[in-house]
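> Below are the structure tokens for one structure; questions will follow.
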Amino acid sequence: MAADADAWLEIDLAAIVANWRKLCARHPSGAVAGVVKADAYGLGAGPVVRALYAAGCRQFFAAHLSEAVVVRAHAPEAMVVALHPPMPGSEAAYAGHRIVPVLGSAADVARFGGAGILHVDTGMNRLGLPMAEMAGLGGFAPGYVMTHLVASEEPDDAINAVQAGRFAQVCAAFPAAKRSLANSSGIFLGADFASDLARPGAALYGINPTPGRANPMRPVVRLRARVLQVRSIAAGDSVGYNATWRALRTSRIATVSVGYADGWLRSLSNRGHAVFDGAPVPLVGRVSMDLTTFDVTDHPAIGPGSWIDLLGPGRDADAVAADAGTNGYEVLTSLGARYQRVWRA
Ligand SMILES: *Cc1c(COP(=O)(O)O)cnc(C)c1O
């Protein structure tokens, strides 16, 4: 690790590729794209796209057009899709960078025609063409139709089957079009969710697509932060803003170089732990902007300059998310710009 780094984020590209291959094996009905929106869920769109492209991935989905343009630079021959609907005046940018637009209205279809993916809304009520408006498209023949699942990570939610049924209806209206349905968790929902092109993001990055069951994906990230200072405090002393934690015994407190400005969410105050030498180190007090404090009383080996793991073996983004009251997606996409990022091939 670089001597001048206070926090270090390791991204295992081989694990991302292994996860993609595993998803390909689980989705024999069609291809498996890489969803790389939000800078590949915070892990770096350039290195992630290059690794997946080298492994043979030939379809990528970004959210913003500007993200798709970045993806194109790293994936010269791939199909690169921008999920957000095309805004007025963007035609030249789509054409110039060979970005596939996702069409979600009759007006989008009129502007882009069959070059785009038709997104039909089967229950999200967010983006995409409402099913009631399908009849208004006339003889339009898209290359692909897609929809997006509302609750795929909850296999028992009845809305999954409702959406699969509606999507079958949509596809019947466009018999020549290829179909794109499942996100990460959708790939694990069974045959009704198979299609020509799955669109996983989270599972590529090690987030568990089957919550409540063992995580079938390989871990991808390791976040290590440096202990800046260690102090001893007396029983009864408090730590941090607003004195939300008080020592019950003479304690050693380590102050670490990560805070909410780095995406270590403030809702993690007094929640969860880091890992040192395989053992948990409890987080105590409020998470502040640049710093977080840990009770290292039981870890005499920790001193100034020590590295502790905030994410890594034994502590994945899903576990941190459970402590923060959010999901693994938000933990990853919050990872801050100050981390020194290192991509391992
Ligand atoms: C983000 C997104 C995905 C990927 O979802 P994951 O749950 O991360 O696999 C797929 N499709 C659409 C439309 C999305 O917005």
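Ordered as shown in the structure tokens, chains take letters A, B, and onward, while each chain numbers its residues from 1 and ligands are numbered from 1 in the order shown.
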Do a neighbour search on region 283-287 of chain A at 9 Å with only C-alpha atoms, toss out local chain neighbours closer than 2 positions, and write the hits as a PDB file with N, CA, C and O atoms, in the first residue's frame.


```pdb
ATOM      1  N   SER A 238     -16.738   9.942  27.226  1.00  0.00           N
ATOM      2  CA  SER A 238     -17.497   9.768  25.986  1.00  0.00           C
ATOM      3  C   SER A 238     -16.565   9.888  24.791  1.00  0.00           C
ATOM      4  O   SER A 238     -15.449  10.385  24.889  1.00  0.00           O
ATOM      5  N   VAL A 239     -17.083   9.454  23.627  1.00  0.00           N
ATOM      6  CA  VAL A 239     -16.325   9.526  22.364  1.00  0.00           C
ATOM      7  C   VAL A 239     -17.183  10.211  21.313  1.00  0.00           C
ATOM      8  O   VAL A 239     -18.348   9.859  21.125  1.00  0.00           O
ATOM      9  N   GLY A 240     -16.589  11.216  20.658  1.00  0.00           N
ATOM     10  CA  GLY A 240     -17.193  11.775  19.452  1.00  0.00           C
ATOM     11  C   GLY A 240     -18.270  12.816  19.701  1.00  0.00           C
ATOM     12  O   GLY A 240     -18.605  13.155  20.839  1.00  0.00           O
ATOM     13  N   TYR A 241     -18.780  13.341  18.563  1.00  0.00           N
ATOM     14  CA  TYR A 241     -19.830  14.369  18.604  1.00  0.00           C
ATOM     15  C   TYR A 241     -21.026  13.908  19.429  1.00  0.00           C
ATOM     16  O   TYR A 241     -21.474  12.771  19.316  1.00  0.00           O
ATOM     17  N   ASN A 242     -21.518  14.811  20.237  1.00  0.00           N
ATOM     18  CA  ASN A 242     -22.739  14.614  21.013  1.00  0.00           C
ATOM     19  C   ASN A 242     -22.652  13.486  22.037  1.00  0.00           C
ATOM     20  O   ASN A 242     -23.664  13.076  22.605  1.00  0.00           O
ATOM     21  N   ALA A 243     -21.413  12.984  22.247  1.00  0.00           N
ATOM     22  CA  ALA A 243     -21.180  12.023  23.322  1.00  0.00           C
ATOM     23  C   ALA A 243     -22.188  10.879  23.315  1.00  0.00           C
ATOM     24  O   ALA A 243     -22.809  10.559  24.310  1.00  0.00           O
ATOM     25  N   THR A 244     -22.332  10.257  22.142  1.00  0.00           N
ATOM     26  CA  THR A 244     -23.346   9.198  22.039  1.00  0.00           C
ATOM     27  C   THR A 244     -22.848   7.844  22.520  1.00  0.00           C
ATOM     28  O   THR A 244     -23.609   6.891  22.576  1.00  0.00           O
ATOM     29  N   TRP A 245     -21.549   7.746  22.795  1.00  0.00           N
ATOM     30  CA  TRP A 245     -21.016   6.479  23.331  1.00  0.00           C
ATOM     31  C   TRP A 245     -20.157   6.794  24.550  1.00  0.00           C
ATOM     32  O   TRP A 245     -19.413   7.776  24.556  1.00  0.00           O
ATOM     33  N   ARG A 246     -20.303   5.989  25.585  1.00  0.00           N
ATOM     34  CA  ARG A 246     -19.534   6.174  26.808  1.00  0.00           C
ATOM     35  C   ARG A 246     -18.835   4.877  27.185  1.00  0.00           C
ATOM     36  O   ARG A 246     -19.444   3.799  27.107  1.00  0.00           O
ATOM     37  N   ILE A 253      -9.201   3.837  22.270  1.00  0.00           N
ATOM     38  CA  ILE A 253     -10.014   4.273  21.130  1.00  0.00           C
ATOM     39  C   ILE A 253      -9.084   4.587  19.961  1.00  0.00           C
ATOM     40  O   ILE A 253      -8.151   5.382  20.098  1.00  0.00           O
ATOM     41  N   VAL A 258     -11.651   7.425   7.852  1.00  0.00           N
ATOM     42  CA  VAL A 258     -12.806   7.276   6.960  1.00  0.00           C
ATOM     43  C   VAL A 258     -13.989   7.931   7.648  1.00  0.00           C
ATOM     44  O   VAL A 258     -14.152   7.803   8.872  1.00  0.00           O
ATOM     45  N   GLY A 259     -14.805   8.648   6.884  1.00  0.00           N
ATOM     46  CA  GLY A 259     -15.987   9.269   7.468  1.00  0.00           C
ATOM     47  C   GLY A 259     -17.133   9.280   6.483  1.00  0.00           C
ATOM     48  O   GLY A 259     -17.061   8.661   5.417  1.00  0.00           O
ATOM     49  N   TYR A 260     -18.175  10.029   6.839  1.00  0.00           N
ATOM     50  CA  TYR A 260     -19.323  10.000   5.931  1.00  0.00           C
ATOM     51  C   TYR A 260     -19.053  10.695   4.608  1.00  0.00           C
ATOM     52  O   TYR A 260     -19.708  10.396   3.604  1.00  0.00           O
ATOM     53  N   TRP A 264     -18.868   6.379   4.275  1.00  0.00           N
ATOM     54  CA  TRP A 264     -19.088   5.542   5.467  1.00  0.00           C
ATOM     55  C   TRP A 264     -20.245   6.197   6.210  1.00  0.00           C
ATOM     56  O   TRP A 264     -20.062   7.144   6.960  1.00  0.00           O
ATOM     57  N   LEU A 265     -21.436   5.699   5.953  1.00  0.00           N
ATOM     58  CA  LEU A 265     -22.668   6.432   6.245  1.00  0.00           C
ATOM     59  C   LEU A 265     -22.788   6.794   7.727  1.00  0.00           C
ATOM     60  O   LEU A 265     -22.430   6.017   8.608  1.00  0.00           O
ATOM     61  N   ARG A 266     -23.326   7.983   7.975  1.00  0.00           N
ATOM     62  CA  ARG A 266     -23.477   8.439   9.357  1.00  0.00           C
ATOM     63  C   ARG A 266     -24.426   7.537  10.142  1.00  0.00           C
ATOM     64  O   ARG A 266     -24.350   7.437  11.366  1.00  0.00           O
ATOM     65  N   SER A 267     -25.316   6.854   9.409  1.00  0.00           N
ATOM     66  CA  SER A 267     -26.224   5.916  10.086  1.00  0.00           C
ATOM     67  C   SER A 267     -25.484   4.693  10.638  1.00  0.00           C
ATOM     68  O   SER A 267     -26.070   3.878  11.342  1.00  0.00           O
ATOM     69  N   LEU A 268     -24.187   4.578  10.350  1.00  0.00           N
ATOM     70  CA  LEU A 268     -23.382   3.505  10.953  1.00  0.00           C
ATOM     71  C   LEU A 268     -22.850   3.907  12.331  1.00  0.00           C
ATOM     72  O   LEU A 268     -22.152   3.113  12.977  1.00  0.00           O
ATOM     73  N   SER A 269     -23.164   5.113  12.801  1.00  0.00           N
ATOM     74  CA  SER A 269     -22.733   5.548  14.128  1.00  0.00           C
ATOM     75  C   SER A 269     -23.144   4.514  15.174  1.00  0.00           C
ATOM     76  O   SER A 269     -24.309   4.085  15.211  1.00  0.00           O
ATOM     77  N   ASN A 270     -22.173   4.090  15.989  1.00  0.00           N
ATOM     78  CA  ASN A 270     -22.412   3.102  17.054  1.00  0.00           C
ATOM     79  C   ASN A 270     -22.928   1.768  16.530  1.00  0.00           C
ATOM     80  O   ASN A 270     -23.534   0.999  17.280  1.00  0.00           O
ATOM     81  N   ARG A 271     -22.711   1.477  15.232  1.00  0.00           N
ATOM     82  CA  ARG A 271     -23.241   0.235  14.663  1.00  0.00           C
ATOM     83  C   ARG A 271     -22.138  -0.533  13.941  1.00  0.00           C
ATOM     84  O   ARG A 271     -21.337   0.031  13.217  1.00  0.00           O
ATOM     85  N   GLY A 272     -22.147  -1.817  14.151  1.00  0.00           N
ATOM     86  CA  GLY A 272     -21.278  -2.686  13.378  1.00  0.00           C
ATOM     87  C   GLY A 272     -19.817  -2.609  13.795  1.00  0.00           C
ATOM     88  O   GLY A 272     -19.486  -2.112  14.878  1.00  0.00           O
ATOM     89  N   HIS A 273     -18.956  -3.105  12.941  1.00  0.00           N
ATOM     90  CA  HIS A 273     -17.555  -3.242  13.303  1.00  0.00           C
ATOM     91  C   HIS A 273     -16.674  -3.274  12.074  1.00  0.00           C
ATOM     92  O   HIS A 273     -17.143  -3.495  10.959  1.00  0.00           O
ATOM     93  N   ALA A 274     -15.388  -3.066  12.316  1.00  0.00           N
ATOM     94  CA  ALA A 274     -14.363  -3.338  11.312  1.00  0.00           C
ATOM     95  C   ALA A 274     -13.769  -4.706  11.639  1.00  0.00           C
ATOM     96  O   ALA A 274     -14.205  -5.368  12.592  1.00  0.00           O
ATOM     97  N   VAL A 281     -13.868  -5.423  15.377  1.00  0.00           N
ATOM     98  CA  VAL A 281     -13.459  -4.252  16.147  1.00  0.00           C
ATOM     99  C   VAL A 281     -14.660  -3.305  16.162  1.00  0.00           C
ATOM    100  O   VAL A 281     -15.003  -2.733  15.130  1.00  0.00           O
ATOM    101  N   MET A 289     -17.282  13.498   9.548  1.00  0.00           N
ATOM    102  CA  MET A 289     -17.072  13.679   8.103  1.00  0.00           C
ATOM    103  C   MET A 289     -15.866  12.907   7.577  1.00  0.00           C
ATOM    104  O   MET A 289     -15.932  12.244   6.551  1.00  0.00           O
ATOM    105  N   ASP A 290     -14.754  13.014   8.307  1.00  0.00           N
ATOM    106  CA  ASP A 290     -13.499  12.437   7.831  1.00  0.00           C
ATOM    107  C   ASP A 290     -12.974  11.315   8.712  1.00  0.00           C
ATOM    108  O   ASP A 290     -11.951  10.723   8.399  1.00  0.00           O
ATOM    109  N   LEU A 291     -13.642  11.072   9.820  1.00  0.00           N
ATOM    110  CA  LEU A 291     -13.097  10.185  10.844  1.00  0.00           C
ATOM    111  C   LEU A 291     -14.178   9.295  11.447  1.00  0.00           C
ATOM    112  O   LEU A 291     -15.344   9.689  11.547  1.00  0.00           O
ATOM    113  N   THR A 292     -13.732   8.106  11.864  1.00  0.00           N
ATOM    114  CA  THR A 292     -14.609   7.186  12.587  1.00  0.00           C
ATOM    115  C   THR A 292     -13.785   6.578  13.717  1.00  0.00           C
ATOM    116  O   THR A 292     -12.571   6.372  13.570  1.00  0.00           O
ATOM    117  N   THR A 293     -14.431   6.293  14.837  1.00  0.00           N
ATOM    118  CA  THR A 293     -13.724   5.805  16.022  1.00  0.00           C
ATOM    119  C   THR A 293     -14.123   4.359  16.340  1.00  0.00           C
ATOM    120  O   THR A 293     -15.280   3.963  16.158  1.00  0.00           O
ATOM    121  N   PHE A 294     -13.134   3.607  16.779  1.00  0.00           N
ATOM    122  CA  PHE A 294     -13.336   2.183  17.090  1.00  0.00           C
ATOM    123  C   PHE A 294     -12.776   1.885  18.475  1.00  0.00           C
ATOM    124  O   PHE A 294     -11.765   2.451  18.888  1.00  0.00           O
ATOM    125  N   ASP A 295     -13.455   0.956  19.149  1.00  0.00           N
ATOM    126  CA  ASP A 295     -12.991   0.504  20.463  1.00  0.00           C
ATOM    127  C   ASP A 295     -11.991  -0.633  20.252  1.00  0.00           C
ATOM    128  O   ASP A 295     -12.377  -1.748  19.875  1.00  0.00           O
TER     129      ASP A 295
END
```

> So that each row is one residue of chain A with an atom at most 10 Å from ligand 1, can you give its shortest atom pair and the distance in Å to one decimal, using only C-alpha atoms and all ligand atoms, rows by chain and rising number, as a tab-separated table?


```
residue	atom	partner	partner_atom_place_in_ligand_line	distance
A:Ala33	CA	ligand 1	10 (C)	9.3
A:Gly34	CA	ligand 1	4 (C)	8.4
A:Val35	CA	ligand 1	4 (C)	5.7
A:Val36	CA	ligand 1	1 (C)	8.3
A:Lys37	CA	ligand 1	1 (C)	7.0
A:Ala38	CA	ligand 1	1 (C)	9.1
A:Ala40	CA	ligand 1	8 (O)	9.8
A:Tyr41	CA	ligand 1	8 (O)	8.3
A:Phe61	CA	ligand 1	11 (N)	7.8
A:Ala62	CA	ligand 1	1 (C)	8.4
A:Ala63	CA	ligand 1	15 (O)	7.1
A:Ala82	CA	ligand 1	13 (C)	9.6
A:Leu83	CA	ligand 1	13 (C)	6.3
A:His84	CA	ligand 1	15 (O)	8.6
A:Val102	CA	ligand 1	13 (C)	9.5
A:His119	CA	ligand 1	13 (C)	8.6
A:Leu127	CA	ligand 1	13 (C)	8.8
A:Gly128	CA	ligand 1	13 (C)	9.5
A:Met146	CA	ligand 1	13 (C)	8.2
A:Thr147	CA	ligand 1	13 (C)	7.1
A:His148	CA	ligand 1	13 (C)	5.2
A:Leu149	CA	ligand 1	11 (N)	8.0
A:Val150	CA	ligand 1	7 (O)	9.7
A:Ala151	CA	ligand 1	7 (O)	9.5
A:Ser152	CA	ligand 1	7 (O)	8.1
A:Glu153	CA	ligand 1	7 (O)	8.1
A:Ser180	CA	ligand 1	11 (N)	8.9
A:Leu181	CA	ligand 1	11 (N)	7.9
A:Ala182	CA	ligand 1	10 (C)	7.1
A:Asn183	CA	ligand 1	9 (O)	4.0
A:Ser184	CA	ligand 1	9 (O)	3.6
A:Ser185	CA	ligand 1	7 (O)	6.3
A:Gly186	CA	ligand 1	9 (O)	7.9
A:Ile187	CA	ligand 1	9 (O)	8.9
A:Ala198	CA	ligand 1	10 (C)	8.0
A:Arg199	CA	ligand 1	10 (C)	4.7
A:Pro200	CA	ligand 1	9 (O)	3.5
A:Gly201	CA	ligand 1	8 (O)	3.6
A:Ala202	CA	ligand 1	8 (O)	3.7
A:Ala203	CA	ligand 1	9 (O)	6.1
A:Leu204	CA	ligand 1	9 (O)	7.9
A:Tyr205	CA	ligand 1	8 (O)	8.8
A:Ile207	CA	ligand 1	8 (O)	8.5
A:Asn208	CA	ligand 1	7 (O)	9.8
A:Pro209	CA	ligand 1	7 (O)	7.6
A:Gly328	CA	ligand 1	8 (O)	9.8
A:Tyr329	CA	ligand 1	8 (O)	7.3
```

> Calculated over only C-alpha atoms, which of the candidates A:Leu311, A:Val227, A:Val256, A:Val48 has the smallest distance to Asp12 (chain A)?

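The answer is A:Val48, which sits nearest to Asp12 (chain A).
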
> Using only C-alpha atoms, which of the listed residues (A:Pro101, A:Gly303, A:Gly236, A:Gly206) sits closest to Thr255 (chain A)?

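Of A:Pro101, A:Gly303, A:Gly236, A:Gly206, the one nearest Thr255 (chain A) is A:Gly303, counting only C-alpha atoms.
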
> So, with only C-alpha atoms as the atoms that count, which of A:Leu43, A:Val320, A:Ala191, A:Leu103 lies closest to Leu335 (chain A)?

A:Leu43

> Choose the residue, out of A:Gly336, A:Gly44, A:Pro211, A:Pro304, that has the smallest atom-to-atom separation from Gln229 (chain A); count only C-alpha atoms.

A:Pro304

> Looking only at helix (DSSP H, G or I) from DSSP on the backbone, list the matching residues of region 99-236 of chain A as a PyMOL selection string.

chain A and resi 106-115+131-137+159-173+185-188+191-193+202-205

> So what do you get for CA of His74 (chain A) versus CA of Tyr53 (chain A), distance-wise?

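Computing the Euclidean distance for CA of His74 (chain A) and CA of Tyr53 (chain A) yields 8.1 Å.
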
> Could you check which of A:Leu223, A:Ala254, A:Met79, A:Ala279 is closest to Leu332 (chain A), using only C-alpha atoms?

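Using only C-alpha atoms, the shortest distance to Leu332 (chain A) belongs to A:Leu223.
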
> Please tabulate, as a Markdown table, the residues of region 91-131 of chain A that come within 10 Å of region 164-168 of chain A, each with its closest pair of atoms and the distance in Å to one decimal, counting only C-alpha atoms and ordering rows by chain, then residue number upward.


```
| residue | atom | partner | partner_atom | distance |
| --- | --- | --- | --- | --- |
| A:Val120 | CA | A:Phe167 | CA | 8.1 |
| A:Asp121 | CA | A:Phe167 | CA | 8.8 |
| A:Thr122 | CA | A:Arg166 | CA | 6.1 |
| A:Gly123 | CA | A:Arg166 | CA | 8.9 |
| A:Met131 | CA | A:Arg166 | CA | 8.6 |
```

> Pick out the residues sitting within 9 Å of Ala73 (chain A), and hand them over as an MDAnalysis selection string; count only C-alpha atoms, and ignore anything fewer than 4 positions along from it in its own chain.

chainID A and resid 46 68:69 97

> Going by DSSP on the backbone, which bits of region 93-265 of chain A are strand (DSSP E)? Write them as a VMD selection string, please.

chain A and resid 99 to 103 117 to 121 129 to 130 144 to 146 178 to 180 197 to 198 221 to 233 238 to 239 245 to 246 251 to 256

> Rank nothing, just name the residue among A:Ser29, A:Ala301, A:Gly212, A:Arg21 nearest to Gly56 (chain A), using only C-alpha atoms.

A:Arg21
